[in-house]
$ cat data.cif   # mmCIF, C-alpha atoms
data_structure
#
loop_
_atom_site.label_atom_id
_atom_site.label_comp_id
_atom_site.auth_asym_id
_atom_site.auth_seq_id
_atom_site.Cartn_x
_atom_site.Cartn_y
_atom_site.Cartn_z
CA MET A 1226 15.71 42.29 -86.06
CA GLY A 1227 12.15 43.52 -86.30
CA ALA A 1228 9.39 41.26 -87.57
CA GLN A 1229 8.64 43.52 -90.55
CA LEU A 1230 12.25 43.59 -91.68
CA ARG A 1231 12.51 39.80 -91.43
CA VAL A 1232 9.46 39.33 -93.68
CA TYR A 1233 10.97 41.62 -96.35
CA LYS A 1234 14.32 39.90 -96.21
CA ARG A 1235 12.68 36.53 -96.67
CA ARG A 1236 10.71 37.70 -99.71
CA ILE A 1237 13.80 39.22 -101.28
CA ARG A 1238 15.60 35.89 -100.92
CA SER A 1239 12.78 33.96 -102.56
CA VAL A 1240 12.39 36.42 -105.46
CA THR A 1241 16.16 36.33 -106.04
CA ALA A 1242 16.00 32.54 -106.36
CA THR A 1243 13.09 32.80 -108.82
CA LYS A 1244 15.00 35.38 -110.84
CA LYS A 1245 17.96 33.05 -111.14
CA ILE A 1246 15.70 30.29 -112.46
CA THR A 1247 13.94 32.47 -115.03
CA LYS A 1248 17.26 33.91 -116.14
CA ALA A 1249 18.59 30.40 -116.74
CA MET A 1250 15.45 29.44 -118.67
CA GLU A 1251 15.78 32.57 -120.78
CA MET A 1252 19.33 31.66 -121.75
CA ILE A 1253 18.43 28.06 -122.55
CA ALA A 1254 15.56 29.22 -124.76
CA ALA A 1255 17.80 31.74 -126.50
CA SER A 1256 20.31 29.06 -127.45
CA ARG A 1257 17.50 26.76 -128.61
CA VAL A 1258 16.01 29.43 -130.87
CA VAL A 1259 19.31 29.68 -132.70
CA LYS A 1260 19.45 25.91 -133.09
CA ALA A 1261 15.84 25.72 -134.28
CA GLN A 1262 16.42 28.53 -136.76
CA ARG A 1263 19.40 26.66 -138.15
CA LYS A 1264 17.19 23.61 -138.66
CA VAL A 1265 14.58 25.68 -140.47
CA ARG A 1266 17.30 26.96 -142.80
CA ALA A 1267 18.76 23.48 -143.33
CA SER A 1268 15.38 22.18 -144.45
CA ALA A 1269 14.93 24.99 -146.96
CA PRO A 1270 16.80 23.47 -149.96
CA TYR A 1271 14.67 20.33 -149.91
CA ALA A 1272 11.45 22.32 -149.62
CA THR A 1273 12.43 24.66 -152.46
CA GLU A 1274 13.41 21.84 -154.80
CA LEU A 1275 10.24 19.96 -153.97
CA THR A 1276 8.07 23.01 -154.60
CA ARG A 1277 9.82 23.47 -157.94
CA ALA A 1278 9.16 19.88 -158.88
CA VAL A 1279 5.49 20.06 -157.88
CA THR A 1280 5.11 23.25 -159.90
CA ALA A 1281 6.82 21.63 -162.86
CA VAL A 1282 4.44 18.68 -162.89
CA GLY A 1283 1.43 20.83 -162.16
CA THR A 1284 2.06 23.34 -164.92
CA GLY A 1285 3.84 21.05 -167.38
CA SER A 1286 1.14 18.43 -167.66
CA ASN A 1287 -2.61 18.20 -167.65
CA THR A 1288 -2.65 15.50 -165.04
CA LYS A 1289 -5.67 15.33 -162.80
CA HIS A 1290 -4.96 14.05 -159.35
CA PRO A 1291 -7.25 13.70 -156.32
CA LEU A 1292 -4.82 15.79 -154.32
CA THR A 1293 -4.94 18.73 -156.69
CA THR A 1294 -8.58 18.77 -157.74
CA GLU A 1295 -11.15 20.46 -155.58
CA ALA A 1296 -14.22 18.49 -154.66
CA ASP A 1297 -17.43 20.00 -156.07
CA ALA A 1298 -19.02 20.29 -152.66
CA PRO A 1299 -16.48 19.73 -149.92
CA THR A 1300 -18.20 18.44 -146.79
CA ARG A 1301 -15.35 17.42 -144.48
CA SER A 1302 -12.07 19.09 -143.59
CA ALA A 1303 -9.14 18.05 -141.51
CA VAL A 1304 -7.41 20.67 -139.35
CA LEU A 1305 -3.93 19.99 -138.03
CA LEU A 1306 -3.05 22.19 -135.05
CA LEU A 1307 0.56 22.54 -133.95
CA THR A 1308 1.14 23.48 -130.31
CA SER A 1309 3.94 22.75 -127.87
CA ASP A 1310 4.31 20.15 -125.13
CA ARG A 1311 5.32 22.62 -122.47
CA GLY A 1312 4.02 25.99 -121.44
CA LEU A 1313 5.89 28.98 -119.99
CA ALA A 1314 5.82 30.53 -123.43
CA GLY A 1315 3.49 33.49 -122.98
CA ALA A 1316 0.57 33.48 -125.38
CA PHE A 1317 2.21 31.07 -127.84
CA ASN A 1318 -0.19 28.15 -127.37
CA SER A 1319 -3.34 30.15 -126.77
CA ASN A 1320 -2.71 32.12 -129.97
CA ALA A 1321 -2.37 28.94 -132.02
CA ILE A 1322 -5.45 27.43 -130.39
CA LYS A 1323 -7.41 30.62 -131.01
CA ALA A 1324 -6.40 30.59 -134.68
CA ALA A 1325 -7.52 26.96 -134.95
CA GLU A 1326 -10.85 27.75 -133.34
CA GLN A 1327 -11.46 30.64 -135.70
CA LEU A 1328 -10.64 28.42 -138.67
CA THR A 1329 -12.92 25.67 -137.36
CA ALA A 1330 -15.76 28.15 -136.91
CA ARG A 1331 -15.23 29.47 -140.44
CA LEU A 1332 -15.22 25.99 -141.95
CA GLU A 1333 -18.32 25.02 -139.99
CA ALA A 1334 -20.05 28.17 -141.19
CA GLU A 1335 -19.31 26.97 -144.73
CA GLY A 1336 -21.13 23.77 -143.84
CA LYS A 1337 -18.15 21.48 -143.44
CA GLU A 1338 -17.50 18.95 -140.77
CA VAL A 1339 -14.14 19.42 -139.12
CA ASP A 1340 -11.78 16.63 -137.99
CA THR A 1341 -9.14 17.91 -135.60
CA TYR A 1342 -5.62 16.53 -135.40
CA ILE A 1343 -3.29 17.92 -132.76
CA VAL A 1344 0.44 18.00 -132.17
CA GLY A 1345 1.60 18.93 -128.65
CA ARG A 1346 0.27 18.23 -125.17
CA ARG A 1347 -0.93 21.79 -124.58
CA GLY A 1348 -3.37 21.81 -127.46
CA LEU A 1349 -4.58 18.33 -126.61
CA ALA A 1350 -5.17 19.31 -122.97
CA HIS A 1351 -7.19 22.31 -124.13
CA TYR A 1352 -9.42 20.17 -126.37
CA ASN A 1353 -9.77 17.35 -123.86
CA PHE A 1354 -10.78 19.72 -121.09
CA ARG A 1355 -13.58 21.03 -123.28
CA GLU A 1356 -14.44 17.47 -124.30
CA ARG A 1357 -14.01 18.18 -127.98
CA LYS A 1358 -13.29 15.32 -130.31
CA VAL A 1359 -9.72 14.89 -131.49
CA VAL A 1360 -9.12 12.32 -134.21
CA GLU A 1361 -5.45 11.80 -133.51
CA SER A 1362 -2.73 13.50 -131.53
CA TRP A 1363 1.03 13.34 -131.17
CA SER A 1364 3.40 14.68 -128.54
CA GLY A 1365 6.92 14.37 -127.25
CA PHE A 1366 8.87 15.88 -130.14
CA THR A 1367 7.70 19.49 -130.36
CA ASP A 1368 10.96 20.93 -129.04
CA GLU A 1369 13.10 19.32 -131.70
CA PRO A 1370 11.02 17.73 -134.44
CA SER A 1371 12.74 15.37 -136.87
CA TYR A 1372 11.66 14.46 -140.38
CA ALA A 1373 10.53 11.05 -139.13
CA ASP A 1374 8.12 12.85 -136.78
CA ALA A 1375 6.71 14.85 -139.67
CA LYS A 1376 6.20 11.61 -141.62
CA LYS A 1377 4.40 10.08 -138.65
CA VAL A 1378 2.05 13.06 -138.48
CA ALA A 1379 1.52 13.25 -142.23
CA ALA A 1380 0.70 9.56 -142.75
CA PRO A 1381 -2.87 9.49 -141.33
CA LEU A 1382 -3.63 12.87 -142.89
CA ILE A 1383 -2.63 11.71 -146.35
CA GLU A 1384 -4.60 8.54 -145.81
CA ALA A 1385 -7.66 10.55 -144.78
CA ILE A 1386 -7.50 12.75 -147.84
CA GLU A 1387 -7.08 9.79 -150.17
CA THR A 1388 -10.13 8.06 -148.68
CA GLU A 1389 -13.49 8.87 -150.23
CA THR A 1390 -15.44 11.37 -148.14
CA ALA A 1391 -18.32 8.94 -147.82
CA ASP A 1392 -16.00 6.40 -146.19
CA GLY A 1393 -14.78 8.80 -143.53
CA GLY A 1394 -12.17 10.62 -145.56
CA VAL A 1395 -11.76 14.36 -145.88
CA ASP A 1396 -11.82 16.79 -148.81
CA GLU A 1397 -9.48 19.41 -147.49
CA LEU A 1398 -6.46 19.62 -145.26
CA HIS A 1399 -5.69 22.75 -143.27
CA ILE A 1400 -2.76 23.39 -140.98
CA VAL A 1401 -2.52 25.89 -138.13
CA TYR A 1402 0.96 26.74 -136.96
CA THR A 1403 3.03 29.63 -135.64
CA GLU A 1404 5.19 31.28 -138.24
CA PHE A 1405 8.61 32.41 -137.11
CA VAL A 1406 8.88 35.90 -138.56
CA SER A 1407 11.68 37.19 -136.37
CA MET A 1408 13.01 36.92 -132.83
CA MET A 1409 10.32 39.38 -131.70
CA THR A 1410 7.42 38.46 -133.97
CA GLN A 1411 5.71 35.12 -134.34
CA THR A 1412 2.26 34.90 -135.82
CA ALA A 1413 -0.21 32.06 -135.61
CA LEU A 1414 -1.70 31.42 -139.04
CA ASP A 1415 -3.66 28.85 -140.95
CA ALA A 1416 -2.95 27.55 -144.43
CA ARG A 1417 -4.67 25.11 -146.73
CA LEU A 1418 -2.30 22.33 -147.73
CA LEU A 1419 -4.63 20.29 -149.89
CA PRO A 1420 -6.15 20.35 -152.40
CA LEU A 1421 -3.17 22.13 -153.79
CA ARG A 1422 -3.71 25.42 -155.54
CA LEU A 1423 -1.13 24.96 -158.24
CA ASP A 1424 -1.31 28.54 -159.42
CA GLU A 1425 -0.46 29.66 -155.89
CA VAL A 1426 2.49 27.29 -155.67
CA ALA A 1427 3.64 28.49 -159.06
CA GLU A 1428 3.37 32.09 -157.91
CA GLU A 1429 5.43 31.32 -154.86
CA GLY A 1430 8.10 29.77 -157.04
CA ALA A 1431 7.98 32.57 -159.58
CA ALA A 1432 8.38 35.19 -156.88
CA LYS A 1433 11.59 33.51 -155.80
CA GLY A 1434 13.28 32.64 -159.05
CA ASP A 1435 11.41 34.38 -161.85
CA GLU A 1436 12.14 31.55 -164.21
CA ILE A 1437 10.25 29.73 -166.89
CA LEU A 1438 10.07 26.05 -166.18
CA PRO A 1439 11.25 23.78 -168.97
CA LEU A 1440 9.15 20.98 -170.43
CA TYR A 1441 10.11 17.99 -168.39
CA ASP A 1442 10.36 14.42 -169.48
CA PHE A 1443 8.57 12.44 -166.78
CA GLU A 1444 9.93 9.15 -165.63
CA PRO A 1445 7.92 6.83 -165.52
CA SER A 1446 4.89 9.10 -166.16
CA ALA A 1447 3.49 12.41 -165.01
CA GLU A 1448 0.76 10.67 -163.00
CA ASP A 1449 3.22 8.43 -161.19
CA VAL A 1450 5.55 11.31 -160.46
CA LEU A 1451 2.71 13.36 -159.06
CA ASP A 1452 1.51 10.36 -157.05
CA ALA A 1453 4.89 10.04 -155.41
CA LEU A 1454 5.55 13.75 -155.19
CA LEU A 1455 2.46 15.07 -153.43
CA PRO A 1456 2.72 13.02 -150.20
CA ARG A 1457 6.36 14.10 -149.96
CA TYR A 1458 5.26 17.68 -150.52
CA VAL A 1459 2.74 17.44 -147.66
CA GLU A 1460 5.36 15.86 -145.40
CA SER A 1461 7.85 18.55 -146.19
CA ARG A 1462 5.30 21.30 -145.54
CA ILE A 1463 4.36 19.72 -142.21
CA TYR A 1464 8.04 19.33 -141.34
CA ASN A 1465 8.64 22.98 -142.10
CA ALA A 1466 5.61 24.00 -140.00
CA LEU A 1467 6.83 21.84 -137.10
CA LEU A 1468 10.27 23.44 -137.25
CA GLN A 1469 8.82 26.95 -137.41
CA SER A 1470 6.52 26.22 -134.48
CA ALA A 1471 9.46 24.92 -132.47
CA ALA A 1472 11.52 28.01 -133.23
CA SER A 1473 8.55 30.26 -132.38
CA LYS A 1474 7.95 28.42 -129.13
CA HIS A 1475 11.54 28.91 -128.02
CA ALA A 1476 11.43 32.58 -128.99
CA ALA A 1477 8.18 33.03 -127.06
CA THR A 1478 9.67 31.26 -124.03
CA ARG A 1479 12.71 33.48 -124.20
CA ARG A 1480 10.57 36.60 -124.25
CA ALA A 1481 8.29 35.41 -121.46
CA MET A 1482 11.27 34.48 -119.30
CA LYS A 1483 12.97 37.77 -120.03
CA SER A 1484 10.00 39.75 -118.78
CA ALA A 1485 9.75 37.44 -115.76
CA THR A 1486 13.40 38.15 -114.97
CA ASP A 1487 12.84 41.90 -115.42
CA ASN A 1488 9.79 41.81 -113.15
CA ALA A 1489 11.70 39.88 -110.51
CA GLY A 1490 14.46 42.50 -110.63
CA GLU A 1491 11.94 45.28 -110.19
CA LEU A 1492 10.29 43.46 -107.31
CA ILE A 1493 13.66 43.01 -105.60
CA ASN A 1494 14.29 46.77 -105.92
CA THR A 1495 10.92 47.67 -104.41
CA LEU A 1496 11.31 45.15 -101.61
CA SER A 1497 14.84 46.36 -100.77
CA ARG A 1498 13.54 49.93 -100.50
CA LEU A 1499 10.76 48.78 -98.19
CA ALA A 1500 13.26 46.76 -96.16
CA ASN A 1501 15.55 49.81 -95.89
CA ALA A 1502 12.66 51.95 -94.74
CA ALA A 1503 11.68 49.33 -92.17
CA ARG A 1504 15.25 49.13 -90.87
CA GLN A 1505 15.45 52.92 -90.67
CA ALA A 1506 12.15 53.06 -88.84
CA GLU A 1507 13.44 50.50 -86.38
CA ILE A 1508 16.61 52.53 -85.73
CA THR A 1509 14.65 55.75 -85.31
CA GLN A 1510 12.36 54.06 -82.86
CA GLU A 1511 15.28 52.67 -80.88
CA ILE A 1512 16.94 56.09 -80.69
CA SER A 1513 13.76 57.81 -79.58
CA GLU A 1514 13.25 55.09 -76.99
CA ILE A 1515 16.79 55.60 -75.64
CA VAL A 1516 16.41 59.36 -75.65
CA GLY A 1517 13.02 59.09 -74.00
CA GLY A 1518 14.36 56.67 -71.39
CA ALA A 1519 17.41 58.83 -70.65
CA SER A 1520 15.37 61.98 -70.19
CA ALA A 1521 12.90 60.13 -67.95
CA LEU A 1522 15.85 58.91 -65.89
CA ALA A 1523 17.31 62.43 -65.79
CA ASP A 1524 13.97 63.81 -64.65
CA ALA A 1525 13.74 61.17 -61.96
CA THR A 1526 17.27 61.78 -60.57
CA ALA A 1527 16.75 65.55 -60.68
CA GLY A 1528 13.61 65.07 -58.58
CA SER A 1529 15.28 62.85 -55.94
CA ASP A 1530 18.18 65.32 -55.45
CA ARG A 1531 15.96 67.93 -54.01
CA MET B 1293 36.06 21.76 -172.34
CA ALA B 1294 34.36 18.82 -170.82
CA ALA B 1295 30.78 19.67 -170.12
CA GLU B 1296 29.73 19.68 -166.51
CA LEU B 1297 26.51 19.60 -164.63
CA HIS B 1298 25.79 20.94 -161.21
CA VAL B 1299 24.54 18.34 -158.76
CA ALA B 1300 22.77 18.94 -155.49
CA LEU B 1301 21.98 15.93 -153.36
CA VAL B 1302 19.44 17.15 -150.81
CA ALA B 1303 17.95 15.25 -147.91
CA ALA B 1304 14.90 16.45 -146.00
CA ASP B 1305 16.91 18.06 -143.24
CA ARG B 1306 20.21 19.01 -144.87
CA GLU B 1307 22.17 19.32 -148.10
CA VAL B 1308 24.23 16.14 -148.31
CA TRP B 1309 26.49 16.92 -151.23
CA SER B 1310 26.75 19.47 -154.00
CA GLY B 1311 29.27 20.11 -156.71
CA GLU B 1312 30.15 19.68 -160.37
CA ALA B 1313 29.91 16.31 -162.05
CA THR B 1314 30.16 14.72 -165.47
CA LEU B 1315 27.84 11.78 -164.95
CA VAL B 1316 25.18 10.79 -162.46
CA VAL B 1317 23.70 7.32 -162.33
CA ALA B 1318 20.56 6.74 -160.30
CA ARG B 1319 17.85 4.12 -160.12
CA THR B 1320 14.36 5.22 -161.05
CA THR B 1321 11.26 3.07 -160.74
CA SER B 1322 11.62 2.13 -164.40
CA GLY B 1323 15.32 1.28 -164.30
CA ASP B 1324 18.74 2.78 -163.96
CA ILE B 1325 19.25 6.12 -165.62
CA GLY B 1326 22.45 7.94 -166.39
CA VAL B 1327 22.40 11.69 -166.75
CA MET B 1328 25.16 13.55 -168.57
CA PRO B 1329 25.40 17.27 -169.27
CA GLY B 1330 22.87 18.43 -171.82
CA HIS B 1331 20.29 15.78 -171.01
CA GLN B 1332 16.75 16.81 -171.71
CA PRO B 1333 14.75 18.11 -168.74
CA LEU B 1334 13.78 15.14 -166.62
CA LEU B 1335 11.72 14.49 -163.54
CA GLY B 1336 11.67 10.97 -162.18
CA VAL B 1337 10.83 8.92 -159.13
CA LEU B 1338 13.79 7.21 -157.50
CA GLU B 1339 13.87 3.73 -156.07
CA SER B 1340 15.97 3.28 -152.99
CA GLY B 1341 19.41 2.36 -154.21
CA PRO B 1342 22.92 3.65 -154.53
CA VAL B 1343 23.49 6.79 -156.58
CA THR B 1344 26.84 7.21 -158.29
CA ILE B 1345 28.15 10.66 -159.07
CA ARG B 1346 31.29 10.99 -161.19
CA THR B 1347 32.75 14.33 -160.20
CA SER B 1348 34.50 16.56 -162.72
CA ASP B 1349 37.89 16.06 -161.02
CA GLY B 1350 37.67 12.34 -161.75
CA GLY B 1351 36.52 11.17 -158.34
CA THR B 1352 33.44 9.15 -157.57
CA VAL B 1353 30.86 9.88 -154.92
CA VAL B 1354 28.48 7.13 -153.93
CA ALA B 1355 25.45 7.75 -151.77
CA ALA B 1356 22.70 5.56 -150.43
CA VAL B 1357 19.39 7.18 -151.31
CA HIS B 1358 16.15 5.91 -149.86
CA GLY B 1359 13.32 6.96 -152.13
CA GLY B 1360 12.96 10.41 -153.59
CA PHE B 1361 13.15 12.23 -156.89
CA ILE B 1362 15.58 13.19 -159.56
CA SER B 1363 15.07 16.38 -161.48
CA PHE B 1364 17.26 17.81 -164.18
CA ALA B 1365 16.96 21.09 -166.05
CA ASP B 1366 19.39 23.77 -167.30
CA ASN B 1367 22.37 21.56 -166.49
CA LYS B 1368 21.31 21.53 -162.87
CA LEU B 1369 20.50 18.19 -161.35
CA SER B 1370 18.77 17.81 -158.02
CA LEU B 1371 18.42 14.58 -156.17
CA LEU B 1372 15.77 14.86 -153.50
CA ALA B 1373 15.63 12.17 -150.88
CA GLU B 1374 14.01 11.79 -147.52
CA VAL B 1375 17.11 10.04 -146.28
CA ALA B 1376 20.45 10.13 -148.05
CA GLU B 1377 23.90 9.20 -146.82
CA LEU B 1378 27.28 9.41 -148.48
CA SER B 1379 29.12 6.11 -148.59
CA ASP B 1380 31.78 7.26 -146.12
CA GLU B 1381 29.12 8.31 -143.63
CA ILE B 1382 27.69 4.82 -143.51
CA ASP B 1383 28.52 2.70 -140.51
CA VAL B 1384 29.04 -0.72 -142.13
CA GLN B 1385 28.84 -2.70 -138.93
CA ARG B 1386 25.63 -1.02 -137.92
CA ALA B 1387 24.12 -1.58 -141.35
CA GLU B 1388 25.08 -5.27 -141.15
CA ARG B 1389 23.44 -5.56 -137.75
CA GLU B 1390 20.35 -3.83 -139.10
CA LEU B 1391 20.27 -6.26 -142.03
CA GLU B 1392 20.42 -9.28 -139.71
CA ARG B 1393 17.72 -7.86 -137.50
CA ALA B 1394 15.47 -6.95 -140.43
CA LYS B 1395 15.88 -10.43 -141.90
CA ALA B 1396 15.05 -12.02 -138.57
CA GLU B 1397 11.94 -9.88 -138.17
CA GLY B 1398 10.94 -10.14 -141.82
CA ASP B 1399 10.81 -6.35 -142.15
CA ALA B 1400 11.21 -5.90 -145.90
CA THR B 1401 11.65 -2.11 -145.93
CA ALA B 1402 14.30 -2.14 -143.23
CA GLU B 1403 16.06 -5.01 -144.98
CA ARG B 1404 16.10 -3.13 -148.26
CA ARG B 1405 17.36 0.02 -146.55
CA ALA B 1406 20.22 -1.82 -144.87
CA ASP B 1407 21.03 -3.62 -148.10
CA VAL B 1408 21.26 -0.34 -150.03
CA ARG B 1409 23.51 1.11 -147.34
CA LEU B 1410 25.85 -1.86 -147.55
CA ARG B 1411 25.98 -1.80 -151.33
CA ALA B 1412 26.74 1.92 -151.34
CA ALA B 1413 29.43 1.44 -148.71
CA THR B 1414 31.15 -1.33 -150.66
CA ALA B 1415 30.95 0.54 -153.96
CA ARG B 1416 33.17 3.40 -152.84
#
$ encode --input "data.cif" --output "structure tokens"
Amino acid sequence: MGAQLRVYKRRIRSVTATKKITKAMEMIAASRVVKAQRKVRASAPYATELTRAVTAVGTGSNTKHPLTTEADAPTRSAVLLLTSDRGLAGAFNSNAIKAAEQLTARLEAEGKEVDTYIVGRRGLAHYNFRERKVVESWSGFTDEPSYADAKKVAAPLIEAIETETADGGVDELHIVYTEFVSMMTQTALDARLLPLRLDEVAEEGAAKGDEILPLYDFEPSAEDVLDALLPRYVESRIYNALLQSAASKHAATRRAMKSATDNAGELINTLSRLANAARQAEITQEISEIVGGASALADATAGSDR
Amino acid sequence: MAAELHVALVAADREVWSGEATLVVARTTSGDIGVMPGHQPLLGVLESGPVTIRTSDGGTVVAAVHGGFISFADNKLSLLAEVAELSDEIDVQRAERELERAKAEGDATAERRADVRLRAATAR
């Protein structure tokens, strides 16, 4: 076999192996998306009921709470960025990081200090490499977040917002995550969790149910209910964002792996054509060598006869 | 016709139980409360404790609920809990082990959680 042909054959073998791997990763991601989507749906009833309850307290009473009132001049914000632990997901992580950087720039332009909290190794690596300060970070659960994980993430954030700004607390809490719109579309977006805009929450609820909320009897009191309710609300929002990010990550992985598989297939086609051409060239050369040799021999014998 | 109320017991990551009931007893921070159909709209904070639901077919459902909220309006009652388990889902032996361990370590929250589980499991 000619040297050229051997090189092509070897490359085809290696690309075929890569294709098998990416194909397997694509299938794994596809099954995980479905699972993650199911988890997002399973968490919906709790989130809806909680939103309803928050709206009920917010609209049904004139309670003032540090978590719902805006500071006169907010000076510090916390930004929670959700990324994934592992890459191979196309632009998933860089989109989320970009969205967080835009938000940070916007907040800084408004004259606020920004504390960054990060979930996921990828985001943390990005910030560490650029030697930016990260207040706290978590990793290890981004593929399948549980409610306990969301609680773990929410705890220091709630503590920070309840602390006075002068003592190192924050006035606002923003979250950057990737919304799972559909299998094909996932968008990185930022949202302000706290202070709560009650009218916005109410609008959200009204859009869904179009109902008038009754006058509730609060047990033990509206303040206490709100006190207990708002941290749970934050946890549930973070939980939902974690689940959506996980689903988006798997969808992004699936897409990235699908195009990798397609590219590998294309490469195999091109390489097989080149290998065929090389083999053909080899055969042609051999034939012409034989023909050339035979005619030289014929010429030689014809000469010696005379 | 006996009045009924619709109950949804929802944990953070799933719907634990839902159906029609005639009476729901739960423990709020200010004491036990029983809700029957036609109760006035209510929103309360739950203590961790067993919740008893008397279903309209005469059965009883007991669940261990660890913190959360009760809200009632329009004959619809929702029990929101971070963690909620039906009594028949509770592994008694595991809960007993947890209780021992929590007592040994002096972990009050874990002890309370295990205790609630056991009480719910025995109440069925």
$ interface_residues --input "data.cif" --of "chain B" --to "chain A" --cutoff "8 Å" --atoms "all atoms listed in the file" --output "PyMOL selection string"
chain B and resi 1302-1307+1320-1322+1332-1337+1361+1363+1365+1370+1372+1374
$ closest_residue --input "data.cif" --among "B:Thr1414, B:Ser1379, B:Thr1347, B:Thr1401" --to "B:Ala1300" --atoms "all atoms listed in the file"
B:Thr1347
$ resolve_selection --input "data.cif" --expression "the PyMOL selection byres ((chain A and resi 1357) around 12)" --output "list in words"
Glu1326, Val1339, Asp1340, Thr1341, Tyr1342, Ile1343, Gly1348, Leu1349, Ala1350, His1351, Tyr1352, Asn1353, Phe1354, Arg1355, Glu1356, Lys1358, Val1359 and Val1360 of chain A
$ atom_distance --input "data.cif" --atom1 "atom CA of A:Ala1481" --atom2 "atom CA of A:Leu1313"
7.0 Å
$ atom_distance --input "data.cif" --atom1 "atom CA of A:Asp1415" --atom2 "atom CA of A:Pro1456"
19.4 Å
$ residues_around --input "data.cif" --residues "B:Gly1330" --least-positions-apart "3" --cutoff "9 Å" --atoms "all atoms listed in the file" --output "list in words"
Ala1295, Glu1296, Leu1297, Val1327, Pro1333, Ala1365, Asp1366 and Asn1367 of chain B
$ residues_around --input "data.cif" --residues "stretch 1339-1341 of chain B" --least-positions-apart "3" --cutoff "9 Å" --atoms "all atoms listed in the file" --output "ChimeraX atom specification"
/B:1318-1323,1355-1361,1404-1405,1407-1409,1411-1412
$ axis_aligned_box --input "data.cif" --around "stretch 1370-1380 of chain B" --padding-each-side "8 Å" --output "lines of an AutoDock Vina configuration file"
center_x = 22.9
center_y = 12.0
center_z = -152.1
size_x = 33.8
size_y = 27.7
size_z = 27.9
$ resolve_selection --input "data.cif" --expression "the PyMOL selection byres ((chain A and resi 1496) around 12)" --output "list in words"
Gln1229, Leu1230, Arg1231, Val1232, Tyr1233, Lys1234, Arg1235, Arg1236, Ile1237, Arg1238, Ser1239, Val1240, Thr1241, Ala1489, Gly1490, Glu1491, Leu1492, Ile1493, Asn1494, Thr1495, Ser1497, Arg1498, Leu1499, Ala1500, Asn1501, Ala1502 and Ala1503 of chain A
$ atom_distance --input "data.cif" --atom1 "atom CA of A:Phe1405" --atom2 "atom CA of A:Ser1470"
7.0 Å
$ residues_near_point --input "data.cif" --point "(35.7, 9.9, -160.3)" --cutoff "12 Å" --atoms "all atoms listed in the file" --output "ChimeraX atom specification"
/B:1312-1316,1344-1354,1416
$ residues_around --input "data.cif" --residues "A:Pro1299" --least-positions-apart "4" --cutoff "8 Å" --atoms "all atoms listed in the file" --output "ChimeraX atom specification"
/A:1295,1337,1396-1397
$ residues_near_point --input "data.cif" --point "(-0.2, 22.5, -136.2)" --cutoff "8 Å" --atoms "only C-alpha atoms" --output "PDB file with C-alpha atoms, keeping the file's coordinate frame"
ATOM      1  CA  LEU A1305      -3.930  19.990-138.030  1.00  0.00           C
ATOM      2  CA  LEU A1306      -3.050  22.190-135.050  1.00  0.00           C
ATOM      3  CA  LEU A1307       0.560  22.540-133.950  1.00  0.00           C
ATOM      4  CA  THR A1308       1.140  23.480-130.310  1.00  0.00           C
ATOM      5  CA  ALA A1321      -2.370  28.940-132.020  1.00  0.00           C
ATOM      6  CA  ILE A1343      -3.290  17.920-132.760  1.00  0.00           C
ATOM      7  CA  VAL A1344       0.440  18.000-132.170  1.00  0.00           C
ATOM      8  CA  ILE A1400      -2.760  23.390-140.980  1.00  0.00           C
ATOM      9  CA  VAL A1401      -2.520  25.890-138.130  1.00  0.00           C
ATOM     10  CA  TYR A1402       0.960  26.740-136.960  1.00  0.00           C
ATOM     11  CA  THR A1403       3.030  29.630-135.640  1.00  0.00           C
ATOM     12  CA  ALA A1466       5.610  24.000-140.000  1.00  0.00           C
ATOM     13  CA  LEU A1467       6.830  21.840-137.100  1.00  0.00           C
ATOM     14  CA  SER A1470       6.520  26.220-134.480  1.00  0.00           C
TER      15      SER A1470
END
$ closest_residue --input "data.cif" --among "B:Ile1325, B:Ala1413, B:Ala1406, B:Ile1362" --to "B:Asp1380" --atoms "all atoms listed in the file"
B:Ala1413
$ decode --input "data.cif" --residues "stretch 1323-1339 of chain B" --atoms "C-alpha atoms" --output "compact mmCIF listing (two decimals), in the first residue's frame"
# COMPACT_ATOMS: atom_id res chain seq x y z
CA GLY B 1323 -51.04 26.14 67.20
CA ASP B 1324 -52.94 23.39 65.49
CA ILE B 1325 -55.53 24.48 62.99
CA GLY B 1326 -58.31 22.50 61.41
CA VAL B 1327 -59.70 23.58 58.07
CA MET B 1328 -63.11 22.47 56.88
CA PRO B 1329 -64.90 23.44 53.69
CA GLY B 1330 -66.03 27.05 53.71
CA HIS B 1331 -63.29 28.28 56.00
CA GLN B 1332 -62.37 31.89 55.50
CA PRO B 1333 -59.33 32.57 53.29
CA LEU B 1334 -56.25 31.75 55.31
CA LEU B 1335 -52.52 31.99 54.87
CA GLY B 1336 -50.35 30.59 57.63
CA VAL B 1337 -46.84 29.45 58.44
CA LEU B 1338 -46.51 25.77 59.25
CA GLU B 1339 -44.37 24.24 61.94
